[in-house]
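Participant: Would you mind keeping the following structure in view while I ask a few things?
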Amino acid sequence: MAERVYETLHQLETEALQELDAITDEKTLDEWRVRYLGRKGKATLAVRRLKELPPEERPAYGKAVNALKERLLAALEAKQEALKAQALAAELQVEAFDPTLPGRQPSLGRYHPSNLVLREIIDIFRQMGFQVLFSPEVETDDYNFGLLNIPPGHPARDMWDTFYTTREGVLLRTHTSPGQIWAMRQFAPEPIRVILPGKCYRYEQVTARSEMMFHQVEGLAVGKHITFADLKGTVVNFIRQLFGPERQLRFRCSHFPFTEPSVEVDMDCILCQGKGCRVCKYTGWLEIMGAGMVHPVVLRNGGYDPEEVTGFAFGMGPERIAMLRYGIDDIRYFFSNDIRFLQQFG
Ligand code: DAH
């Protein structure tokens with residue numbers, strides 16, 4: 001009697017495990033669970049046969065049924081794990097995803113080399129009490145030329161050919177110098193010390209040395225008793241902060257219609273220390289900026305009385321400074337958007 005009961009139990013286990021073995025999907029697996037381990041499942045109901053046994057054998061049978069249920073449950077869990085692993089492997093085959101590969105670095109933004117140098121320039125001038133202003137990139141002929149003492153037909157206009165809009169007398173500025181007029185008209189008759197960074201445009205053949213768009217930083221100081229010595233002191237201090245305290249400077253006579261006198265400022269070549277090399281074209285000097293004392297006509301156009309105040313101004317190109325600083329030999333790299341170039345800065 002007892003033997004038969006145990007045999008049935010044993011058969012039940014064999015049958016359950018065989019069925020389990022053949023299962024390949026979760027739905028069938030769940031049906032299996034209900035069939036054997038559910039409230040009315042075969043293993044659950046097996047305990048009822050207790051009645052067929054003499055009382056003293058019943059506890060042992062009860063234990064045997066419980067042990068069976070635990071084994072079935074363990075087998076069920078193992079099967080669940082196996083199915084999950086199989087499903088993942090299948091998915092990986094289809095999607096070719098390798099979870100052991102390192103994650104992809106999101107690419108962080110960084111400063112463009114022009115902006116990097118612009119920010120350094122701004123920082124240095126801010127220390128010297130200059131405030132930063134911005135003026136329009138789309139200008140009138142008057143602001144870009146006329147008010148800067150470059151009347152129509154003036155030969156100096158040849159140096160600053162630009163892009164004209166379809167609106168008469170409206171153009172893309174060729175330099176940041178018109179910002180001088182904006183600044184003066186905003187603050188006259190008060191003294192000012194400003195720098196004006198921004199984009200400029202020229203209608204030119206694009207080469208390693210010239211782009212049709214580039215940046216400039218304009219500087220302007222207007223007030224009583226401002227002299228050429230102030231200009232020199234400001235420029236020398238600026239260059240030595242940017243390029244190192246050992247830099248030598250040279251102020252060379254030049255001409256700009258909006259300054260009188262006008263100079264071009266050179267510093268000794270940072271590559272050869274003035275001995276002469278390819279970068280400085282064997283002169284030992286690198287041109288850094290144009291500058292001068294603001295022309296009385298320009299002061300008057302800005303709203304100042306040239307009998308009362310004087311001023312100095314300068315203009316420079318941050319791309320040129322970045323080229324010298326980082327040894328870049330072609331200005332076209334700045335705006336051709338080659339990530340391999342841009343990633344080297346910032
Ligand atoms: N605007 C000039 C240029 O684009 C540069 C310049 C020269 C600016 C002398 C100045 C200056 O303020 O005083 O070539």
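Ordering of the structure tokens sets the chain letters (A, B, ...), residue numbers begin anew at 1 in every chain, and ligands are numbered from 1 in the order given.
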Pick out the residues sitting within 12 Å of Cys280 in chain A, and hand them over as a list in words; count only C-alpha atoms, and ignore anything fewer than 2 positions along from it in its own chain.
Facilitator: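 Result of the neighbour search: Asp266, Met267, Asp268, Cys269, Ile270, Leu271, Cys272, Gln273, Gly274, Lys275, Gly276, Cys277, Arg278, Tyr282, Thr283, Gly284, Trp285, Leu286, Glu287, Ile288, Leu324, Gly327 and Asp329 of chain A.
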Participant: Those same residues - N, CA, C and O atoms - I'd like them written as an mmCIF file, in the first residue's frame.
Facilitator:
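What landed in result.cif:
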```cif
data_model
loop_
_atom_site.group_PDB
_atom_site.id
_atom_site.type_symbol
_atom_site.label_atom_id
_atom_site.label_comp_id
_atom_site.auth_asym_id
_atom_site.auth_seq_id
_atom_site.Cartn_x
_atom_site.Cartn_y
_atom_site.Cartn_z
ATOM 1 N N ASP A 266 54.854 95.754 -33.413
ATOM 2 C CA ASP A 266 55.484 94.444 -33.633
ATOM 3 C C ASP A 266 56.059 93.950 -32.304
ATOM 4 O O ASP A 266 56.472 94.752 -31.475
ATOM 5 N N MET A 267 56.087 92.620 -32.145
ATOM 6 C CA MET A 267 56.828 92.083 -30.993
ATOM 7 C C MET A 267 57.896 91.146 -31.519
ATOM 8 O O MET A 267 57.775 90.603 -32.623
ATOM 9 N N ASP A 268 58.973 90.970 -30.728
ATOM 10 C CA ASP A 268 60.042 90.096 -31.196
ATOM 11 C C ASP A 268 59.493 88.672 -31.341
ATOM 12 O O ASP A 268 58.650 88.237 -30.571
ATOM 13 N N CYS A 269 59.978 87.984 -32.357
ATOM 14 C CA CYS A 269 59.417 86.684 -32.734
ATOM 15 C C CYS A 269 59.536 85.683 -31.583
ATOM 16 O O CYS A 269 60.618 85.452 -31.039
ATOM 17 N N ILE A 270 58.364 85.093 -31.213
ATOM 18 C CA ILE A 270 58.368 84.173 -30.077
ATOM 19 C C ILE A 270 59.050 82.849 -30.419
ATOM 20 O O ILE A 270 59.412 82.087 -29.553
ATOM 21 N N LEU A 271 59.222 82.586 -31.720
ATOM 22 C CA LEU A 271 59.817 81.316 -32.104
ATOM 23 C C LEU A 271 61.340 81.369 -32.067
ATOM 24 O O LEU A 271 62.002 80.484 -31.541
ATOM 25 N N CYS A 272 61.886 82.449 -32.641
ATOM 26 C CA CYS A 272 63.350 82.530 -32.750
ATOM 27 C C CYS A 272 63.917 83.592 -31.816
ATOM 28 O O CYS A 272 65.111 83.865 -31.856
ATOM 29 N N GLN A 273 63.091 84.185 -30.968
ATOM 30 C CA GLN A 273 63.502 85.259 -30.057
ATOM 31 C C GLN A 273 64.171 86.404 -30.816
ATOM 32 O O GLN A 273 65.131 86.999 -30.341
ATOM 33 N N GLY A 274 63.695 86.679 -32.024
ATOM 34 C CA GLY A 274 64.204 87.844 -32.762
ATOM 35 C C GLY A 274 65.394 87.570 -33.653
ATOM 36 O O GLY A 274 65.895 88.467 -34.322
ATOM 37 N N LYS A 275 65.841 86.294 -33.687
ATOM 38 C CA LYS A 275 67.023 85.996 -34.506
ATOM 39 C C LYS A 275 66.685 85.900 -35.992
ATOM 40 O O LYS A 275 67.537 86.096 -36.838
ATOM 41 N N GLY A 276 65.412 85.603 -36.287
ATOM 42 C CA GLY A 276 65.016 85.465 -37.693
ATOM 43 C C GLY A 276 64.720 84.024 -38.037
ATOM 44 O O GLY A 276 65.578 83.162 -37.857
ATOM 45 N N CYS A 277 63.470 83.771 -38.481
ATOM 46 C CA CYS A 277 63.101 82.399 -38.848
ATOM 47 C C CYS A 277 61.983 82.472 -39.881
ATOM 48 O O CYS A 277 61.571 83.549 -40.306
ATOM 49 N N ARG A 278 61.441 81.291 -40.252
ATOM 50 C CA ARG A 278 60.416 81.228 -41.282
ATOM 51 C C ARG A 278 59.155 81.984 -40.845
ATOM 52 O O ARG A 278 58.527 82.672 -41.625
ATOM 53 N N TYR A 282 62.177 85.987 -41.398
ATOM 54 C CA TYR A 282 63.579 86.382 -41.197
ATOM 55 C C TYR A 282 63.758 87.852 -40.849
ATOM 56 O O TYR A 282 64.821 88.427 -41.075
ATOM 57 N N THR A 283 62.680 88.472 -40.285
ATOM 58 C CA THR A 283 62.817 89.861 -39.841
ATOM 59 C C THR A 283 63.061 89.926 -38.336
ATOM 60 O O THR A 283 63.494 90.954 -37.820
ATOM 61 N N GLY A 284 62.729 88.851 -37.610
ATOM 62 C CA GLY A 284 62.844 88.862 -36.153
ATOM 63 C C GLY A 284 61.624 89.470 -35.472
ATOM 64 O O GLY A 284 61.530 89.449 -34.249
ATOM 65 N N TRP A 285 60.680 90.032 -36.259
ATOM 66 C CA TRP A 285 59.519 90.723 -35.689
ATOM 67 C C TRP A 285 58.193 90.155 -36.198
ATOM 68 O O TRP A 285 58.104 89.717 -37.338
ATOM 69 N N LEU A 286 57.190 90.173 -35.327
ATOM 70 C CA LEU A 286 55.842 89.745 -35.703
ATOM 71 C C LEU A 286 54.869 90.905 -35.506
ATOM 72 O O LEU A 286 54.838 91.519 -34.435
ATOM 73 N N GLU A 287 54.067 91.162 -36.548
ATOM 74 C CA GLU A 287 53.119 92.268 -36.437
ATOM 75 C C GLU A 287 51.916 91.819 -35.604
ATOM 76 O O GLU A 287 51.323 90.774 -35.870
ATOM 77 N N ILE A 288 51.561 92.612 -34.599
ATOM 78 C CA ILE A 288 50.501 92.220 -33.671
ATOM 79 C C ILE A 288 49.247 93.065 -33.800
ATOM 80 O O ILE A 288 48.134 92.574 -33.697
ATOM 81 N N LEU A 324 50.067 82.449 -33.825
ATOM 82 C CA LEU A 324 51.417 82.596 -33.281
ATOM 83 C C LEU A 324 51.557 81.759 -32.016
ATOM 84 O O LEU A 324 52.528 81.023 -31.837
ATOM 85 N N GLY A 327 51.247 77.957 -33.021
ATOM 86 C CA GLY A 327 51.970 77.490 -34.199
ATOM 87 C C GLY A 327 51.062 76.959 -35.306
ATOM 88 O O GLY A 327 51.344 75.945 -35.929
ATOM 89 N N ASP A 329 49.584 77.274 -38.992
ATOM 90 C CA ASP A 329 50.141 77.978 -40.149
ATOM 91 C C ASP A 329 49.112 78.290 -41.231
ATOM 92 O O ASP A 329 49.475 78.729 -42.320
#
```
Participant: Please return as an mmCIF file with N, CA, C and O atoms, in the first residue's frame: the residues of range 33-174 of chain A that backbone DSSP assigns to alpha helix (DSSP H).
Facilitator:
```
data_model
loop_
_atom_site.group_PDB
_atom_site.id
_atom_site.type_symbol
_atom_site.label_atom_id
_atom_site.label_comp_id
_atom_site.auth_asym_id
_atom_site.auth_seq_id
_atom_site.Cartn_x
_atom_site.Cartn_y
_atom_site.Cartn_z
ATOM 1 N N ARG A 33 3.889 25.125 -14.238
ATOM 2 C CA ARG A 33 3.885 25.502 -12.817
ATOM 3 C C ARG A 33 2.477 25.292 -12.219
ATOM 4 O O ARG A 33 2.315 24.691 -11.161
ATOM 5 N N VAL A 34 1.448 25.757 -12.979
ATOM 6 C CA VAL A 34 0.073 25.614 -12.482
ATOM 7 C C VAL A 34 -0.304 24.140 -12.377
ATOM 8 O O VAL A 34 -0.891 23.690 -11.389
ATOM 9 N N ARG A 35 0.141 23.388 -13.380
ATOM 10 C CA ARG A 35 -0.232 21.979 -13.447
ATOM 11 C C ARG A 35 0.334 21.173 -12.268
ATOM 12 O O ARG A 35 -0.317 20.280 -11.731
ATOM 13 N N TYR A 36 1.562 21.510 -11.856
ATOM 14 C CA TYR A 36 2.180 20.725 -10.773
ATOM 15 C C TYR A 36 2.170 21.414 -9.423
ATOM 16 O O TYR A 36 1.974 20.796 -8.406
ATOM 17 N N LEU A 37 2.411 22.707 -9.436
ATOM 18 C CA LEU A 37 2.609 23.387 -8.153
ATOM 19 C C LEU A 37 1.480 24.339 -7.782
ATOM 20 O O LEU A 37 1.498 24.938 -6.717
ATOM 21 N N LYS A 42 -0.797 18.864 -9.409
ATOM 22 C CA LYS A 42 -0.623 17.449 -9.078
ATOM 23 C C LYS A 42 0.214 17.244 -7.823
ATOM 24 O O LYS A 42 -0.112 16.389 -6.988
ATOM 25 N N ALA A 43 1.276 18.005 -7.680
ATOM 26 C CA ALA A 43 2.132 17.830 -6.502
ATOM 27 C C ALA A 43 1.405 18.293 -5.240
ATOM 28 O O ALA A 43 1.545 17.694 -4.165
ATOM 29 N N THR A 44 0.635 19.349 -5.405
ATOM 30 C CA THR A 44 -0.107 19.866 -4.256
ATOM 31 C C THR A 44 -1.158 18.853 -3.793
ATOM 32 O O THR A 44 -1.337 18.598 -2.598
ATOM 33 N N LEU A 45 -1.834 18.269 -4.790
ATOM 34 C CA LEU A 45 -2.903 17.326 -4.452
ATOM 35 C C LEU A 45 -2.373 15.979 -3.960
ATOM 36 O O LEU A 45 -3.100 15.193 -3.349
ATOM 37 N N ARG A 58 1.965 8.588 8.059
ATOM 38 C CA ARG A 58 1.539 9.824 7.399
ATOM 39 C C ARG A 58 2.554 10.972 7.471
ATOM 40 O O ARG A 58 2.824 11.622 6.444
ATOM 41 N N PRO A 59 3.177 11.218 8.667
ATOM 42 C CA PRO A 59 4.131 12.341 8.704
ATOM 43 C C PRO A 59 5.255 12.179 7.693
ATOM 44 O O PRO A 59 5.631 13.140 7.019
ATOM 45 N N ALA A 60 5.766 10.969 7.571
ATOM 46 C CA ALA A 60 6.884 10.750 6.642
ATOM 47 C C ALA A 60 6.442 11.050 5.213
ATOM 48 O O ALA A 60 7.164 11.688 4.431
ATOM 49 N N TYR A 61 5.222 10.659 4.872
ATOM 50 C CA TYR A 61 4.721 10.900 3.516
ATOM 51 C C TYR A 61 4.552 12.402 3.291
ATOM 52 O O TYR A 61 4.928 12.944 2.245
ATOM 53 N N GLY A 62 4.011 13.070 4.311
ATOM 54 C CA GLY A 62 3.851 14.533 4.204
ATOM 55 C C GLY A 62 5.175 15.198 3.906
ATOM 56 O O GLY A 62 5.284 16.067 3.027
ATOM 57 N N LYS A 63 6.214 14.786 4.613
ATOM 58 C CA LYS A 63 7.540 15.364 4.378
ATOM 59 C C LYS A 63 8.018 15.098 2.963
ATOM 60 O O LYS A 63 8.587 15.966 2.300
ATOM 61 N N ALA A 64 7.747 13.838 2.506
ATOM 62 C CA ALA A 64 8.204 13.460 1.164
ATOM 63 C C ALA A 64 7.543 14.339 0.111
ATOM 64 O O ALA A 64 8.175 14.787 -0.859
ATOM 65 N N VAL A 65 6.238 14.607 0.304
ATOM 66 C CA VAL A 65 5.534 15.455 -0.670
ATOM 67 C C VAL A 65 6.119 16.874 -0.657
ATOM 68 O O VAL A 65 6.374 17.470 -1.717
ATOM 69 N N ASN A 66 6.358 17.389 0.558
ATOM 70 C CA ASN A 66 6.935 18.742 0.637
ATOM 71 C C ASN A 66 8.296 18.817 -0.024
ATOM 72 O O ASN A 66 8.625 19.782 -0.726
ATOM 73 N N ALA A 67 9.111 17.770 0.220
ATOM 74 C CA ALA A 67 10.443 17.754 -0.385
ATOM 75 C C ALA A 67 10.327 17.727 -1.903
ATOM 76 O O ALA A 67 11.067 18.419 -2.618
ATOM 77 N N LEU A 68 9.374 16.957 -2.388
ATOM 78 C CA LEU A 68 9.158 16.889 -3.834
ATOM 79 C C LEU A 68 8.794 18.277 -4.370
ATOM 80 O O LEU A 68 9.341 18.739 -5.381
ATOM 81 N N LYS A 69 7.872 18.929 -3.676
ATOM 82 C CA LYS A 69 7.454 20.249 -4.149
ATOM 83 C C LYS A 69 8.641 21.224 -4.175
ATOM 84 O O LYS A 69 8.788 22.026 -5.097
ATOM 85 N N GLU A 70 9.500 21.116 -3.182
ATOM 86 C CA GLU A 70 10.663 22.017 -3.161
ATOM 87 C C GLU A 70 11.606 21.729 -4.320
ATOM 88 O O GLU A 70 12.142 22.639 -4.928
ATOM 89 N N ARG A 71 11.775 20.441 -4.635
ATOM 90 C CA ARG A 71 12.660 20.096 -5.762
ATOM 91 C C ARG A 71 12.081 20.609 -7.072
ATOM 92 O O ARG A 71 12.793 21.132 -7.924
ATOM 93 N N LEU A 72 10.733 20.456 -7.187
ATOM 94 C CA LEU A 72 10.104 20.941 -8.418
ATOM 95 C C LEU A 72 10.233 22.463 -8.539
ATOM 96 O O LEU A 72 10.488 23.002 -9.603
ATOM 97 N N LEU A 73 10.078 23.113 -7.399
ATOM 98 C CA LEU A 73 10.179 24.571 -7.397
ATOM 99 C C LEU A 73 11.588 25.016 -7.802
ATOM 100 O O LEU A 73 11.785 25.943 -8.603
ATOM 101 N N ALA A 74 12.608 24.315 -7.242
ATOM 102 C CA ALA A 74 13.998 24.647 -7.589
ATOM 103 C C ALA A 74 14.237 24.424 -9.079
ATOM 104 O O ALA A 74 14.879 25.236 -9.754
ATOM 105 N N ALA A 75 13.683 23.288 -9.588
ATOM 106 C CA ALA A 75 13.856 22.996 -11.022
ATOM 107 C C ALA A 75 13.177 24.078 -11.861
ATOM 108 O O ALA A 75 13.691 24.512 -12.903
ATOM 109 N N LEU A 76 12.010 24.552 -11.376
ATOM 110 C CA LEU A 76 11.283 25.611 -12.089
ATOM 111 C C LEU A 76 12.123 26.882 -12.164
ATOM 112 O O LEU A 76 12.279 27.500 -13.220
ATOM 113 N N GLU A 77 12.715 27.248 -11.030
ATOM 114 C CA GLU A 77 13.519 28.476 -11.011
ATOM 115 C C GLU A 77 14.741 28.361 -11.912
ATOM 116 O O GLU A 77 15.097 29.299 -12.616
ATOM 117 N N ALA A 78 15.370 27.187 -11.882
ATOM 118 C CA ALA A 78 16.535 26.973 -12.746
ATOM 119 C C ALA A 78 16.127 27.126 -14.213
ATOM 120 O O ALA A 78 16.828 27.727 -15.026
ATOM 121 N N LYS A 79 14.934 26.580 -14.520
ATOM 122 C CA LYS A 79 14.453 26.654 -15.894
ATOM 123 C C LYS A 79 14.172 28.122 -16.283
ATOM 124 O O LYS A 79 14.500 28.550 -17.391
ATOM 125 N N GLN A 80 13.584 28.854 -15.355
ATOM 126 C CA GLN A 80 13.309 30.272 -15.638
ATOM 127 C C GLN A 80 14.594 31.020 -15.974
ATOM 128 O O GLN A 80 14.656 31.781 -16.939
ATOM 129 N N GLU A 81 15.631 30.780 -15.172
ATOM 130 C CA GLU A 81 16.927 31.423 -15.416
ATOM 131 C C GLU A 81 17.468 31.042 -16.780
ATOM 132 O O GLU A 81 17.948 31.878 -17.545
ATOM 133 N N ALA A 82 17.370 29.742 -17.080
ATOM 134 C CA ALA A 82 17.915 29.254 -18.351
ATOM 135 C C ALA A 82 17.199 29.900 -19.531
ATOM 136 O O ALA A 82 17.825 30.312 -20.515
ATOM 137 N N LEU A 83 15.854 30.007 -19.403
ATOM 138 C CA LEU A 83 15.094 30.620 -20.498
ATOM 139 C C LEU A 83 15.492 32.088 -20.680
ATOM 140 O O LEU A 83 15.633 32.574 -21.799
ATOM 141 N N LYS A 84 15.687 32.787 -19.552
ATOM 142 C CA LYS A 84 16.093 34.198 -19.628
ATOM 143 C C LYS A 84 17.433 34.336 -20.338
ATOM 144 O O LYS A 84 17.626 35.181 -21.202
ATOM 145 N N ALA A 85 18.362 33.470 -19.952
ATOM 146 C CA ALA A 85 19.695 33.519 -20.565
ATOM 147 C C ALA A 85 19.614 33.241 -22.058
ATOM 148 O O ALA A 85 20.268 33.896 -22.869
ATOM 149 N N GLN A 86 18.751 32.256 -22.395
ATOM 150 C CA GLN A 86 18.574 31.933 -23.825
ATOM 151 C C GLN A 86 18.010 33.121 -24.588
ATOM 152 O O GLN A 86 18.468 33.453 -25.679
ATOM 153 N N ALA A 87 17.007 33.756 -23.995
ATOM 154 C CA ALA A 87 16.364 34.890 -24.657
ATOM 155 C C ALA A 87 17.380 36.004 -24.882
ATOM 156 O O ALA A 87 17.437 36.621 -25.956
ATOM 157 N N LEU A 88 18.228 36.252 -23.863
ATOM 158 C CA LEU A 88 19.235 37.299 -23.989
ATOM 159 C C LEU A 88 20.222 36.970 -25.097
ATOM 160 O O LEU A 88 20.543 37.797 -25.947
ATOM 161 N N ALA A 89 20.664 35.684 -25.115
ATOM 162 C CA ALA A 89 21.625 35.272 -26.138
ATOM 163 C C ALA A 89 21.035 35.464 -27.531
ATOM 164 O O ALA A 89 21.710 35.938 -28.455
ATOM 165 N N ALA A 90 19.740 35.117 -27.662
ATOM 166 C CA ALA A 90 19.091 35.254 -28.975
ATOM 167 C C ALA A 90 19.019 36.726 -29.377
ATOM 168 O O ALA A 90 19.311 37.086 -30.521
ATOM 169 N N GLU A 91 18.673 37.551 -28.406
ATOM 170 C CA GLU A 91 18.569 38.989 -28.676
ATOM 171 C C GLU A 91 19.921 39.551 -29.092
ATOM 172 O O GLU A 91 20.029 40.355 -30.003
ATOM 173 N N LEU A 92 20.962 39.093 -28.414
ATOM 174 C CA LEU A 92 22.304 39.580 -28.722
ATOM 175 C C LEU A 92 22.708 39.208 -30.133
ATOM 176 O O LEU A 92 23.383 39.957 -30.818
ATOM 177 N N GLN A 93 22.264 38.017 -30.548
ATOM 178 C CA GLN A 93 22.621 37.594 -31.909
ATOM 179 C C GLN A 93 21.994 38.509 -32.939
ATOM 180 O O GLN A 93 22.629 38.903 -33.900
ATOM 181 N N VAL A 94 20.737 38.851 -32.697
ATOM 182 C CA VAL A 94 20.031 39.707 -33.649
ATOM 183 C C VAL A 94 20.608 41.117 -33.633
ATOM 184 O O VAL A 94 20.893 41.707 -34.658
ATOM 185 N N GLU A 95 20.828 41.689 -32.416
ATOM 186 C CA GLU A 95 21.233 43.087 -32.330
ATOM 187 C C GLU A 95 22.735 43.295 -32.282
ATOM 188 O O GLU A 95 23.203 44.425 -32.303
ATOM 189 N N PRO A 113 39.274 77.894 -30.616
ATOM 190 C CA PRO A 113 40.531 78.608 -30.339
ATOM 191 C C PRO A 113 40.393 80.129 -30.437
ATOM 192 O O PRO A 113 41.046 80.851 -29.676
ATOM 193 N N SER A 114 39.549 80.614 -31.343
ATOM 194 C CA SER A 114 39.358 82.074 -31.433
ATOM 195 C C SER A 114 38.753 82.611 -30.144
ATOM 196 O O SER A 114 39.176 83.644 -29.617
ATOM 197 N N ASN A 115 37.746 81.893 -29.631
ATOM 198 C CA ASN A 115 37.093 82.344 -28.397
ATOM 199 C C ASN A 115 38.015 82.225 -27.195
ATOM 200 O O ASN A 115 37.954 83.025 -26.274
ATOM 201 N N LEU A 116 38.857 81.193 -27.242
ATOM 202 C CA LEU A 116 39.821 80.995 -26.159
ATOM 203 C C LEU A 116 40.726 82.224 -26.041
ATOM 204 O O LEU A 116 40.924 82.779 -24.953
ATOM 205 N N VAL A 117 41.271 82.642 -27.182
ATOM 206 C CA VAL A 117 42.168 83.800 -27.181
ATOM 207 C C VAL A 117 41.387 85.074 -26.876
ATOM 208 O O VAL A 117 41.848 85.928 -26.108
ATOM 209 N N LEU A 118 40.184 85.187 -27.449
ATOM 210 C CA LEU A 118 39.347 86.362 -27.159
ATOM 211 C C LEU A 118 39.123 86.533 -25.668
ATOM 212 O O LEU A 118 39.210 87.639 -25.124
ATOM 213 N N ARG A 119 38.844 85.420 -25.001
ATOM 214 C CA ARG A 119 38.576 85.504 -23.561
ATOM 215 C C ARG A 119 39.815 85.935 -22.790
ATOM 216 O O ARG A 119 39.720 86.683 -21.826
ATOM 217 N N GLU A 120 40.985 85.451 -23.229
ATOM 218 C CA GLU A 120 42.223 85.877 -22.568
ATOM 219 C C GLU A 120 42.446 87.365 -22.757
ATOM 220 O O GLU A 120 42.821 88.082 -21.822
ATOM 221 N N ILE A 121 42.225 87.826 -23.993
ATOM 222 C CA ILE A 121 42.415 89.251 -24.295
ATOM 223 C C ILE A 121 41.478 90.093 -23.417
ATOM 224 O O ILE A 121 41.889 91.072 -22.793
ATOM 225 N N ILE A 122 40.216 89.650 -23.360
ATOM 226 C CA ILE A 122 39.226 90.393 -22.569
ATOM 227 C C ILE A 122 39.636 90.437 -21.098
ATOM 228 O O ILE A 122 39.566 91.478 -20.454
ATOM 229 N N ASP A 123 40.099 89.306 -20.573
ATOM 230 C CA ASP A 123 40.516 89.256 -19.163
ATOM 231 C C ASP A 123 41.625 90.265 -18.868
ATOM 232 O O ASP A 123 41.608 90.941 -17.837
ATOM 233 N N ILE A 124 42.595 90.316 -19.772
ATOM 234 C CA ILE A 124 43.731 91.214 -19.531
ATOM 235 C C ILE A 124 43.271 92.678 -19.546
ATOM 236 O O ILE A 124 43.632 93.467 -18.669
ATOM 237 N N PHE A 125 42.437 93.017 -20.533
ATOM 238 C CA PHE A 125 41.994 94.417 -20.602
ATOM 239 C C PHE A 125 41.037 94.769 -19.472
ATOM 240 O O PHE A 125 40.984 95.911 -19.027
ATOM 241 N N ARG A 126 40.293 93.786 -19.007
ATOM 242 C CA ARG A 126 39.383 94.061 -17.898
ATOM 243 C C ARG A 126 40.166 94.486 -16.653
ATOM 244 O O ARG A 126 39.777 95.403 -15.948
ATOM 245 N N GLN A 127 41.311 93.797 -16.435
ATOM 246 C CA GLN A 127 42.176 94.179 -15.311
ATOM 247 C C GLN A 127 42.608 95.629 -15.404
ATOM 248 O O GLN A 127 42.870 96.277 -14.406
ATOM 249 N N ASP A 141 27.705 102.204 -44.492
ATOM 250 C CA ASP A 141 28.925 102.723 -45.119
ATOM 251 C C ASP A 141 29.522 103.826 -44.239
ATOM 252 O O ASP A 141 30.725 103.919 -44.046
ATOM 253 N N ASP A 142 28.619 104.626 -43.659
ATOM 254 C CA ASP A 142 29.044 105.745 -42.830
ATOM 255 C C ASP A 142 29.851 105.303 -41.614
ATOM 256 O O ASP A 142 30.910 105.840 -41.321
ATOM 257 N N TYR A 143 29.321 104.338 -40.906
ATOM 258 C CA TYR A 143 30.005 103.888 -39.704
ATOM 259 C C TYR A 143 31.300 103.154 -40.032
ATOM 260 O O TYR A 143 32.304 103.285 -39.337
ATOM 261 N N ASN A 144 31.234 102.319 -41.094
ATOM 262 C CA ASN A 144 32.419 101.516 -41.420
ATOM 263 C C ASN A 144 33.540 102.381 -42.012
ATOM 264 O O ASN A 144 34.716 102.074 -41.834
#
```
Participant: Within 9 Å of ligand 1, counting only C-alpha atoms and all ligand atoms: which residues, as a ChimeraX atom specification?
Facilitator: /A:159-160,174-178,180,200,216-220,254-260,262-264,289-294,312-317
Participant: Just the residues within 9 Å of Val309 in chain A, please, counting only C-alpha atoms, with nothing from its chain fewer than 4 positions along; format it as a PyMOL selection string.
Facilitator: chain A and resi 189+191+222-226+299+304-305
Participant: Show me, as a list of chain:residue names, the residues that have an atom within 9 Å of Arg209 in chain A when counting only C-alpha atoms, minus same-chain residues fewer than 3 positions from it.
Facilitator: A:Val206, A:Arg320, A:Asp329, A:Asp330, A:Ile331, A:Arg332
Participant: Can I get the selection written as a short mmCIF file (atom, residue, chain, number, x, y, z; two decimals), in the first residue's frame, with all heavy atoms?
Facilitator:
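So again.cif came out as:
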```
data_model
loop_
_atom_site.label_atom_id
_atom_site.label_comp_id
_atom_site.auth_asym_id
_atom_site.auth_seq_id
_atom_site.Cartn_x
_atom_site.Cartn_y
_atom_site.Cartn_z
N VAL A 206 40.46 83.85 -50.35
CA VAL A 206 40.77 83.13 -49.11
C VAL A 206 42.08 82.36 -49.29
O VAL A 206 42.24 81.59 -50.23
CB VAL A 206 39.62 82.17 -48.74
CG1 VAL A 206 40.00 81.28 -47.57
CG2 VAL A 206 38.37 82.97 -48.40
N ARG A 320 45.11 85.67 -35.57
CA ARG A 320 46.54 85.82 -35.79
C ARG A 320 47.31 85.53 -34.49
O ARG A 320 48.35 84.86 -34.50
CB ARG A 320 46.85 87.24 -36.28
CG ARG A 320 48.32 87.44 -36.54
CD ARG A 320 48.65 88.71 -37.28
NE ARG A 320 50.08 88.98 -37.17
CZ ARG A 320 51.03 88.29 -37.80
NH1 ARG A 320 50.67 87.31 -38.63
NH2 ARG A 320 52.29 88.57 -37.64
N ASP A 329 49.58 77.27 -38.99
CA ASP A 329 50.14 77.98 -40.15
C ASP A 329 49.11 78.29 -41.23
O ASP A 329 49.47 78.73 -42.32
CB ASP A 329 51.32 77.19 -40.73
CG ASP A 329 50.91 75.80 -41.15
OD1 ASP A 329 49.68 75.51 -41.13
OD2 ASP A 329 51.79 74.99 -41.51
N ASP A 330 47.82 78.05 -40.94
CA ASP A 330 46.81 78.32 -41.97
C ASP A 330 45.52 78.78 -41.28
O ASP A 330 44.93 78.03 -40.51
CB ASP A 330 46.56 77.04 -42.78
CG ASP A 330 45.77 77.33 -44.05
OD1 ASP A 330 44.88 78.20 -44.02
OD2 ASP A 330 46.05 76.67 -45.07
N ILE A 331 45.10 80.01 -41.57
CA ILE A 331 43.94 80.59 -40.88
C ILE A 331 42.65 79.85 -41.27
O ILE A 331 41.66 79.89 -40.54
CB ILE A 331 43.81 82.11 -41.17
CG1 ILE A 331 42.85 82.78 -40.16
CG2 ILE A 331 43.35 82.36 -42.60
CD1 ILE A 331 42.79 84.28 -40.24
N ARG A 332 42.68 79.14 -42.40
CA ARG A 332 41.46 78.46 -42.86
C ARG A 332 41.02 77.34 -41.91
O ARG A 332 39.87 76.96 -41.87
CB ARG A 332 41.66 77.90 -44.27
CG ARG A 332 41.68 79.00 -45.33
CD ARG A 332 42.12 78.48 -46.67
NE ARG A 332 43.52 78.06 -46.65
CZ ARG A 332 44.22 77.80 -47.75
NH1 ARG A 332 43.67 77.92 -48.95
NH2 ARG A 332 45.48 77.42 -47.66
#
```
Participant: Quote the spacing between CA of Glu246 in chain A and CA of Ile195 in chain A in Å to one decimal place.
Facilitator: 24.8 Å
